[in-house]
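Structure file run.cif with mmCIF, C-alpha atoms:
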data_protein
#
loop_
_atom_site.label_atom_id
_atom_site.label_comp_id
_atom_site.auth_asym_id
_atom_site.auth_seq_id
_atom_site.Cartn_x
_atom_site.Cartn_y
_atom_site.Cartn_z
CA MET A 1325 26.02 -278.65 43.12
CA SER A 1326 24.62 -281.09 45.69
CA LEU A 1327 22.03 -280.13 48.31
CA THR A 1328 23.25 -278.69 51.59
CA LEU A 1329 21.93 -281.25 54.08
CA MET A 1330 21.03 -280.02 57.58
CA TYR A 1331 20.28 -282.05 60.69
CA ILE A 1332 18.96 -280.86 64.06
CA THR A 1333 20.69 -282.27 67.13
CA ASN A 1334 22.28 -281.11 70.38
CA ASN A 1335 23.80 -284.54 71.02
CA PRO A 1336 27.58 -284.49 70.52
CA ILE A 1337 27.74 -288.16 69.48
CA THR A 1338 24.96 -287.78 66.91
CA ALA A 1339 26.52 -284.55 65.65
CA GLN A 1340 29.86 -286.29 65.11
CA ILE A 1341 28.17 -289.20 63.30
CA ALA A 1342 26.19 -286.86 61.05
CA GLN A 1343 29.27 -284.79 60.19
CA ASN A 1344 31.33 -287.89 59.40
CA ALA A 1345 28.54 -289.17 57.13
CA GLY A 1346 28.62 -285.97 55.06
CA VAL A 1347 25.89 -283.82 56.60
CA ASP A 1348 26.78 -280.23 55.74
CA ARG A 1349 25.23 -278.42 58.69
CA ILE A 1350 24.62 -279.39 62.29
CA TRP A 1351 21.65 -277.40 63.54
CA ILE A 1352 21.07 -276.18 67.09
CA ASP A 1353 17.43 -275.16 67.50
CA MET A 1354 16.81 -272.55 70.20
CA GLU A 1355 13.38 -271.44 68.94
CA TYR A 1356 10.62 -271.89 71.49
CA ILE A 1357 8.66 -268.61 71.65
CA GLY A 1358 5.13 -269.20 70.34
CA LYS A 1359 5.91 -272.67 69.03
CA ASP A 1360 3.73 -274.63 71.44
CA ASN A 1361 0.69 -272.52 70.55
CA ARG A 1362 1.28 -272.76 66.77
CA GLN A 1363 1.82 -276.50 66.77
CA SER A 1364 -0.50 -277.50 69.60
CA GLY A 1365 -1.67 -281.09 69.28
CA MET A 1366 0.64 -281.83 66.36
CA ASP A 1367 3.27 -284.58 66.24
CA THR A 1368 6.12 -282.13 65.67
CA VAL A 1369 9.53 -281.71 67.25
CA LYS A 1370 9.69 -278.84 69.74
CA ASN A 1371 13.34 -278.42 70.66
CA HIS A 1372 14.52 -275.97 73.27
CA HIS A 1373 18.27 -275.99 72.79
CA THR A 1374 20.42 -273.41 74.55
CA ILE A 1375 23.64 -271.42 74.25
CA THR A 1376 25.30 -274.19 76.27
CA ASP A 1377 24.39 -276.64 73.50
CA ILE A 1378 26.16 -274.44 70.94
CA GLU A 1379 29.25 -274.36 73.15
CA ARG A 1380 29.19 -278.16 73.57
CA ILE A 1381 28.77 -278.86 69.85
CA ARG A 1382 31.13 -276.18 68.53
CA PRO A 1383 34.41 -278.10 69.13
CA ILE A 1384 32.97 -281.15 67.35
CA VAL A 1385 31.75 -279.38 64.22
CA THR A 1386 34.94 -278.91 62.23
CA SER A 1387 34.24 -279.95 58.63
CA SER A 1388 30.52 -279.10 58.68
CA GLU A 1389 28.97 -275.73 59.56
CA LEU A 1390 27.21 -275.00 62.83
CA MET A 1391 23.80 -273.41 62.29
CA VAL A 1392 21.56 -271.98 65.00
CA ARG A 1393 17.88 -271.09 64.78
CA VAL A 1394 17.19 -268.30 67.25
CA ASN A 1395 13.78 -267.07 68.36
CA PRO A 1396 11.66 -264.62 66.35
CA ILE A 1397 12.48 -260.94 66.95
CA HIS A 1398 11.40 -260.20 70.52
CA LYS A 1399 11.95 -258.06 73.60
CA MET A 1400 12.82 -259.32 77.07
CA THR A 1401 9.75 -260.00 79.25
CA ARG A 1402 8.96 -261.91 82.44
CA GLU A 1403 8.45 -265.06 80.37
CA VAL A 1404 11.34 -264.50 77.95
CA TYR A 1405 14.71 -264.26 79.62
CA SER A 1406 16.59 -262.26 76.96
CA SER A 1407 15.98 -259.93 74.02
CA SER A 1408 16.77 -260.80 70.40
CA LYS A 1409 19.85 -258.59 70.51
CA THR A 1410 21.26 -260.41 73.55
CA GLU A 1411 20.32 -263.86 72.24
CA ILE A 1412 21.96 -263.25 68.86
CA GLU A 1413 25.08 -261.77 70.47
CA GLU A 1414 25.45 -264.83 72.71
CA THR A 1415 24.85 -267.12 69.73
CA ILE A 1416 27.65 -265.45 67.77
CA GLN A 1417 30.02 -265.51 70.74
CA ALA A 1418 29.32 -269.24 71.21
CA GLY A 1419 30.50 -269.87 67.64
CA ALA A 1420 27.56 -270.09 65.23
CA ASP A 1421 28.52 -270.06 61.54
CA VAL A 1422 24.94 -269.54 60.30
CA ILE A 1423 22.04 -267.93 62.18
CA MET A 1424 18.43 -268.51 61.11
CA LEU A 1425 15.53 -266.14 61.80
CA PRO A 1426 12.11 -267.84 62.03
CA MET A 1427 8.53 -266.54 61.96
CA PHE A 1428 9.27 -263.02 60.69
CA LYS A 1429 6.55 -261.07 58.89
CA THR A 1430 8.09 -257.79 57.76
CA ALA A 1431 11.18 -256.27 56.19
CA ASP A 1432 11.73 -254.26 59.39
CA GLU A 1433 12.19 -257.46 61.40
CA VAL A 1434 14.69 -258.71 58.83
CA ARG A 1435 16.63 -255.42 58.97
CA GLU A 1436 16.74 -255.60 62.77
CA PHE A 1437 17.98 -259.20 62.67
CA ILE A 1438 20.69 -258.42 60.12
CA SER A 1439 21.83 -255.42 62.16
CA TYR A 1440 22.28 -257.64 65.24
CA VAL A 1441 24.25 -260.25 63.29
CA ASP A 1442 26.36 -257.45 61.79
CA GLY A 1443 28.20 -259.59 59.25
CA ARG A 1444 29.65 -261.95 61.88
CA ALA A 1445 27.75 -265.02 60.67
CA LYS A 1446 25.75 -266.03 57.61
CA VAL A 1447 22.16 -264.79 57.68
CA GLN A 1448 19.45 -267.29 56.80
CA LEU A 1449 15.77 -266.35 56.75
CA LEU A 1450 13.08 -268.96 57.37
CA VAL A 1451 9.96 -268.04 55.40
CA GLU A 1452 7.04 -269.62 57.24
CA THR A 1453 4.28 -267.00 57.57
CA THR A 1454 1.73 -265.79 55.03
CA GLU A 1455 2.78 -262.23 55.88
CA ALA A 1456 6.38 -262.96 54.90
CA VAL A 1457 5.15 -264.36 51.58
CA GLU A 1458 2.97 -261.28 51.00
CA HIS A 1459 5.86 -258.89 51.79
CA ILE A 1460 8.59 -260.94 50.11
CA ASP A 1461 9.44 -258.39 47.43
CA GLU A 1462 10.12 -255.71 50.05
CA ILE A 1463 12.01 -258.21 52.23
CA LEU A 1464 14.29 -259.20 49.35
CA GLU A 1465 15.38 -255.59 48.98
CA VAL A 1466 16.99 -255.68 52.43
CA PRO A 1467 20.80 -255.93 52.09
CA GLY A 1468 22.64 -258.72 53.89
CA ILE A 1469 20.47 -261.80 53.24
CA ASP A 1470 22.77 -264.76 52.51
CA GLU A 1471 20.24 -267.59 52.27
CA ILE A 1472 16.52 -268.31 52.56
CA HIS A 1473 14.73 -271.49 53.55
CA ILE A 1474 11.00 -272.07 53.06
CA GLY A 1475 9.64 -273.71 56.22
CA LEU A 1476 6.89 -275.95 54.90
CA ASN A 1477 5.64 -277.05 58.30
CA ASP A 1478 4.62 -273.72 59.80
CA LEU A 1479 3.85 -272.18 56.40
CA HIS A 1480 1.26 -274.85 55.58
CA LEU A 1481 -0.36 -274.19 58.97
CA SER A 1482 -0.38 -270.48 58.17
CA TYR A 1483 -2.31 -271.27 54.97
CA HIS A 1484 -4.64 -273.68 56.84
CA MET A 1485 -3.55 -276.64 54.74
CA ASP A 1486 -3.66 -280.27 55.87
CA PHE A 1487 -0.20 -281.42 54.74
CA MET A 1488 3.02 -279.50 54.33
CA PHE A 1489 3.82 -280.78 50.84
CA GLU A 1490 0.58 -279.32 49.50
CA LEU A 1491 2.66 -276.15 49.21
CA ILE A 1492 4.85 -277.56 46.44
CA CYS A 1493 1.85 -278.87 44.51
CA GLY A 1494 0.60 -275.36 43.79
CA SER A 1495 2.37 -272.14 42.91
CA ILE A 1496 3.44 -270.80 46.32
CA VAL A 1497 6.85 -272.47 46.61
CA LYS A 1498 7.66 -272.14 42.92
CA ASN A 1499 6.86 -268.41 42.92
CA LEU A 1500 9.05 -267.85 45.98
CA CYS A 1501 11.91 -269.84 44.47
CA ASP A 1502 11.70 -267.80 41.26
CA LYS A 1503 11.95 -264.57 43.26
CA PHE A 1504 14.94 -265.81 45.27
CA LYS A 1505 16.66 -267.00 42.11
CA ASN A 1506 16.17 -263.63 40.42
CA LYS A 1507 17.85 -261.97 43.41
CA GLY A 1508 20.78 -264.40 43.33
CA ILE A 1509 20.06 -265.64 46.86
CA LYS A 1510 20.62 -269.31 47.73
CA TYR A 1511 17.44 -271.06 48.85
CA GLY A 1512 15.99 -274.36 49.96
CA PHE A 1513 12.73 -275.74 51.29
CA GLY A 1514 11.34 -278.31 53.70
CA GLY A 1515 12.88 -281.59 54.69
CA ILE A 1516 13.49 -285.06 53.31
CA ALA A 1517 13.42 -288.53 54.77
CA ARG A 1518 15.36 -291.55 53.50
CA VAL A 1519 15.19 -292.58 49.87
CA GLY A 1520 12.50 -295.22 49.35
CA TYR A 1521 10.73 -294.64 52.67
CA GLY A 1522 7.35 -293.22 53.60
CA MET A 1523 4.07 -292.34 51.89
CA LEU A 1524 5.88 -289.58 50.00
CA PRO A 1525 9.35 -291.04 49.37
CA ALA A 1526 12.31 -288.68 49.45
CA GLU A 1527 13.35 -289.37 45.85
CA HIS A 1528 10.35 -287.44 44.52
CA ILE A 1529 11.06 -284.45 46.77
CA ILE A 1530 14.77 -284.50 45.84
CA ALA A 1531 13.84 -284.30 42.16
CA GLU A 1532 11.61 -281.30 42.85
CA HIS A 1533 14.46 -279.59 44.70
CA TYR A 1534 16.51 -279.83 41.53
CA HIS A 1535 13.55 -278.79 39.38
CA LEU A 1536 13.12 -275.60 41.44
CA GLY A 1537 16.83 -274.83 41.78
CA SER A 1538 16.88 -275.47 45.53
CA THR A 1539 20.25 -275.88 47.23
CA ALA A 1540 19.29 -277.05 50.74
CA ALA A 1541 17.09 -279.53 52.61
CA ILE A 1542 16.61 -280.59 56.22
CA LEU A 1543 17.08 -284.25 57.13
CA SER A 1544 13.81 -284.91 58.93
CA ARG A 1545 12.77 -287.32 61.67
CA GLY A 1546 11.80 -289.64 58.81
CA PHE A 1547 15.48 -289.80 57.94
CA CYS A 1548 16.65 -290.56 61.49
CA ASP A 1549 14.81 -289.89 64.74
CA ALA A 1550 17.65 -289.99 67.27
CA ASN A 1551 15.08 -289.66 70.07
CA ILE A 1552 13.85 -293.15 69.18
CA VAL A 1553 16.97 -294.77 67.72
CA LYS A 1554 19.34 -294.80 70.68
CA ASP A 1555 22.14 -297.13 69.52
CA PRO A 1556 24.99 -295.00 68.10
CA PHE A 1557 26.01 -297.80 65.75
CA GLU A 1558 22.49 -297.95 64.31
CA ILE A 1559 22.41 -294.16 63.98
CA GLU A 1560 25.77 -294.29 62.19
CA SER A 1561 24.51 -296.96 59.80
CA ILE A 1562 21.37 -294.93 59.00
CA PHE A 1563 23.39 -291.78 58.31
CA ILE A 1564 26.08 -293.41 56.18
CA GLU A 1565 23.59 -295.32 54.03
CA GLY A 1566 21.01 -292.54 54.01
CA VAL A 1567 23.33 -289.74 52.89
CA LYS A 1568 24.93 -292.01 50.28
CA ASN A 1569 21.52 -292.83 48.78
CA ILE A 1570 20.51 -289.15 48.71
CA ARG A 1571 23.72 -288.25 46.87
CA LEU A 1572 23.17 -291.06 44.35
CA LYS A 1573 19.60 -289.92 43.74
CA GLU A 1574 20.80 -286.33 43.27
CA LYS A 1575 23.17 -287.40 40.49
CA GLU A 1576 20.26 -289.12 38.75
CA VAL A 1577 17.68 -286.34 39.01
CA ALA A 1578 20.18 -283.60 38.12
CA ASN A 1579 20.03 -284.92 34.55
CA TYR A 1580 16.23 -285.05 34.27
CA SER A 1581 14.57 -283.38 31.33
CA GLU A 1582 11.74 -280.89 31.93
CA LEU A 1583 9.28 -283.63 30.93
CA GLU A 1584 10.74 -285.96 33.58
CA TYR A 1585 10.50 -283.21 36.20
CA GLN A 1586 6.86 -282.60 35.26
CA ASP A 1587 6.11 -286.34 35.44
CA ASN A 1588 7.70 -286.42 38.90
CA LEU A 1589 5.62 -283.43 40.02
CA GLN A 1590 2.45 -285.20 38.90
CA ILE A 1591 3.46 -288.20 41.04
CA ILE A 1592 3.95 -285.87 44.01
CA ARG A 1593 0.53 -284.29 43.44
CA ARG A 1594 -1.20 -287.68 43.32
CA LYS A 1595 0.55 -288.91 46.45
CA VAL A 1596 -0.14 -285.66 48.33
CA GLN A 1597 -3.81 -285.77 47.30
CA SER A 1598 -4.04 -289.30 48.70
CA ILE A 1599 -2.32 -288.32 51.96
CA VAL A 1600 -4.58 -285.28 52.42
CA ALA A 1601 -7.69 -287.39 51.78
CA SER A 1602 -6.53 -289.89 54.39
CA LYS A 1603 -5.88 -287.12 56.93
CA LYS A 1604 -9.35 -285.65 56.38
CA GLN A 1605 -10.97 -289.05 56.91
CA LYS A 1606 -9.26 -289.34 60.29
CA LYS A 1607 -10.50 -285.93 61.51
#
Translate this structure into structure tokens?
Amino acid sequence: MSLTLMYITNNPITAQIAQNAGVDRIWIDMEYIGKDNRQSGMDTVKNHHTITDIERIRPIVTSSELMVRVNPIHKMTREVYSSSKTEIEETIQAGADVIMLPMFKTADEVREFISYVDGRAKVQLLVETTEAVEHIDEILEVPGIDEIHIGLNDLHLSYHMDFMFELICGSIVKNLCDKFKNKGIKYGFGGIARVGYGMLPAEHIIAEHYHLGSTAAILSRGFCDANIVKDPFEIESIFIEGVKNIRLKEKEVANYSELEYQDNLQIIRRKVQSIVASKKQKK
């Protein structure tokens, strides 16, 4: 089974290009509550998509799935214009196939979320707090969880780490994946860029996805940053070539032996150690 590839965009042209290139899920990102405070000063994407974006993208997404990340469980306040119940209801009515819950900490929040979805869309949890990790056994007992994704960006901040891929160098991600696997729940983690690019090239991360039994990955800004690349023809070229190369690499790493997976993990650890050292020097 190949990885479910997900890409965040509210641009109809980019969504169509991504779908045509074989991206499995187009992702509308409505999360904004608390995000600016958590990621203050960081070079991270802070989307604030809306219900209108879901309605605009829905007619385009025909062969892929439409996924929506809503806000963490919340009540309506002066600053927040709707409650979780209202937001999730509107998300379902607008046509979401999959709804993702971010930044939860307890099983009670997960139960509340699942009750609001009420079987009308797939439920995906985004594990990205230390509290969620600590309570994961209780959380996994909640009925109605379809999928889980480990959000390396916020989770590494929660653990006060310097680089998100430090999490796969230790035992945290592996232990979570083992628990999800034992429960028979599909899971994925983090994001990938293009094969052959960056300080930590995607091919090493793809191999670790297969090593850990992951079934999903986000296509990151390192894959295609449509806020910078404006030409639709260039975006199309990046997606067609990029997805093709990911699929080719998947076929290769799917046949790795345990020794080859361990060798790959050692490469990741060395590269991550170098990246972390460089980040600390710049502080």
Given the PyMOL selection byres ((chain A and resi 1422) around 6), the residues it picks as a count of residues only: 6
Give the answer as one residue: which of A:Gly1419, A:Gly1468, A:Gly1546, A:Gly1443 has the shortest atom-to-atom distance to Ala1431 of chain A, using only C-alpha atoms? A:Gly1468
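Going from atom CA of Arg1594 of chain A to atom CA of Glu1455 of chain A covers 28.7 Å.
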Hey, which of A:Phe1547, A:Tyr1483, A:Phe1563, A:Tyr1534 ends up closest to Gly1522 of chain A? Count only C-alpha atoms.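 That would be A:Phe1547, the residue with the smallest distance to Gly1522 of chain A.
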Do a neighbour search on Tyr1580 of chain A at 12 Å with all atoms listed in the file, toss out local chain neighbours closer than 3 positions, and write the hits as a PyMOL selection string. chain A and resi 1530-1535+1573-1577+1583-1588
Between atom CA of Ile1350 of chain A and atom CA of Thr1454 of chain A, what is the distance, to one decimal in Å? 27.6 Å
Translate the PyMOL selection byres ((chain A and resi 1439) around 12) into a concrete residue list for this structure, as a ChimeraX atom specification. /A:1397,1408-1409,1412-1413,1432-1438,1440-1445,1447,1466-1469
Since we have the selection now, will you write its residues out, keeping C-alpha atoms, as a CSV table (one decimal), in the frame of the given file?
chain,number,residue,atom,x,y,z
A,1397,ILE,CA,12.5,-260.9,67.0
A,1408,SER,CA,16.8,-260.8,70.4
A,1409,LYS,CA,19.8,-258.6,70.5
A,1412,ILE,CA,22.0,-263.2,68.9
A,1413,GLU,CA,25.1,-261.8,70.5
A,1432,ASP,CA,11.7,-254.3,59.4
A,1433,GLU,CA,12.2,-257.5,61.4
A,1434,VAL,CA,14.7,-258.7,58.8
A,1435,ARG,CA,16.6,-255.4,59.0
A,1436,GLU,CA,16.7,-255.6,62.8
A,1437,PHE,CA,18.0,-259.2,62.7
A,1438,ILE,CA,20.7,-258.4,60.1
A,1440,TYR,CA,22.3,-257.6,65.2
A,1441,VAL,CA,24.2,-260.2,63.3
A,1442,ASP,CA,26.4,-257.4,61.8
A,1443,GLY,CA,28.2,-259.6,59.2
A,1444,ARG,CA,29.6,-262.0,61.9
A,1445,ALA,CA,27.8,-265.0,60.7
A,1447,VAL,CA,22.2,-264.8,57.7
A,1466,VAL,CA,17.0,-255.7,52.4
A,1467,PRO,CA,20.8,-255.9,52.1
A,1468,GLY,CA,22.6,-258.7,53.9
A,1469,ILE,CA,20.5,-261.8,53.2
List as an NGL selection string the protein and nucleic acid residues near segment 1507-1512 of chain A, meaning an atom at most 8 Å away when all atoms listed in the file are counted, but skip any in the same chain fewer than 6 places from it. :A and (1464 or 1469-1474 or 1501 or 1533 or 1538-1541)
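Closest approach to Gly1537 of chain A among A:Leu1327, A:Gly1514, A:Val1394, A:Trp1351 is made by A:Leu1327 (distances from all atoms listed in the file).
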Atom CA of Pro1383 of chain A to atom CA of Gln1340 of chain A, distance in Å rounded to a single decimal: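 These atoms are spaced 10.2 Å apart.
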In the coordinate frame of the file, compute which residues have an atom within 8 Å of (13.7, -268.7, 61.2) when using all atoms listed in the file, and state them as a ChimeraX atom specification. /A:1393-1396,1424-1428,1448-1452
Do you know which residues are at most 10 Å from Cys1548 of chain A counting all atoms listed in the file, after dropping those on the same chain fewer than 3 positions away, and could you put them as an MDAnalysis selection string? chainID A and resid 1331 1517:1518 1543:1545 1551:1553 1558:1560 1562:1563 1566
To verify the selection step, state as a ChimeraX atom specification which residues the PyMOL selection byres ((chain A and resi 1339) around 12) yields on this input. /A:1330-1338,1340-1352,1377-1378,1380-1391,1550,1556,1559-1560,1563
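The protein and nucleic acid residues lying at most 8 Å from segment 1523-1526 of chain A are Ile1516, Ala1517, Arg1518, Ile1592, Lys1595, Val1596 and Ile1599 of chain A, with only C-alpha atoms considered and sequence neighbours fewer than 5 positions away removed.
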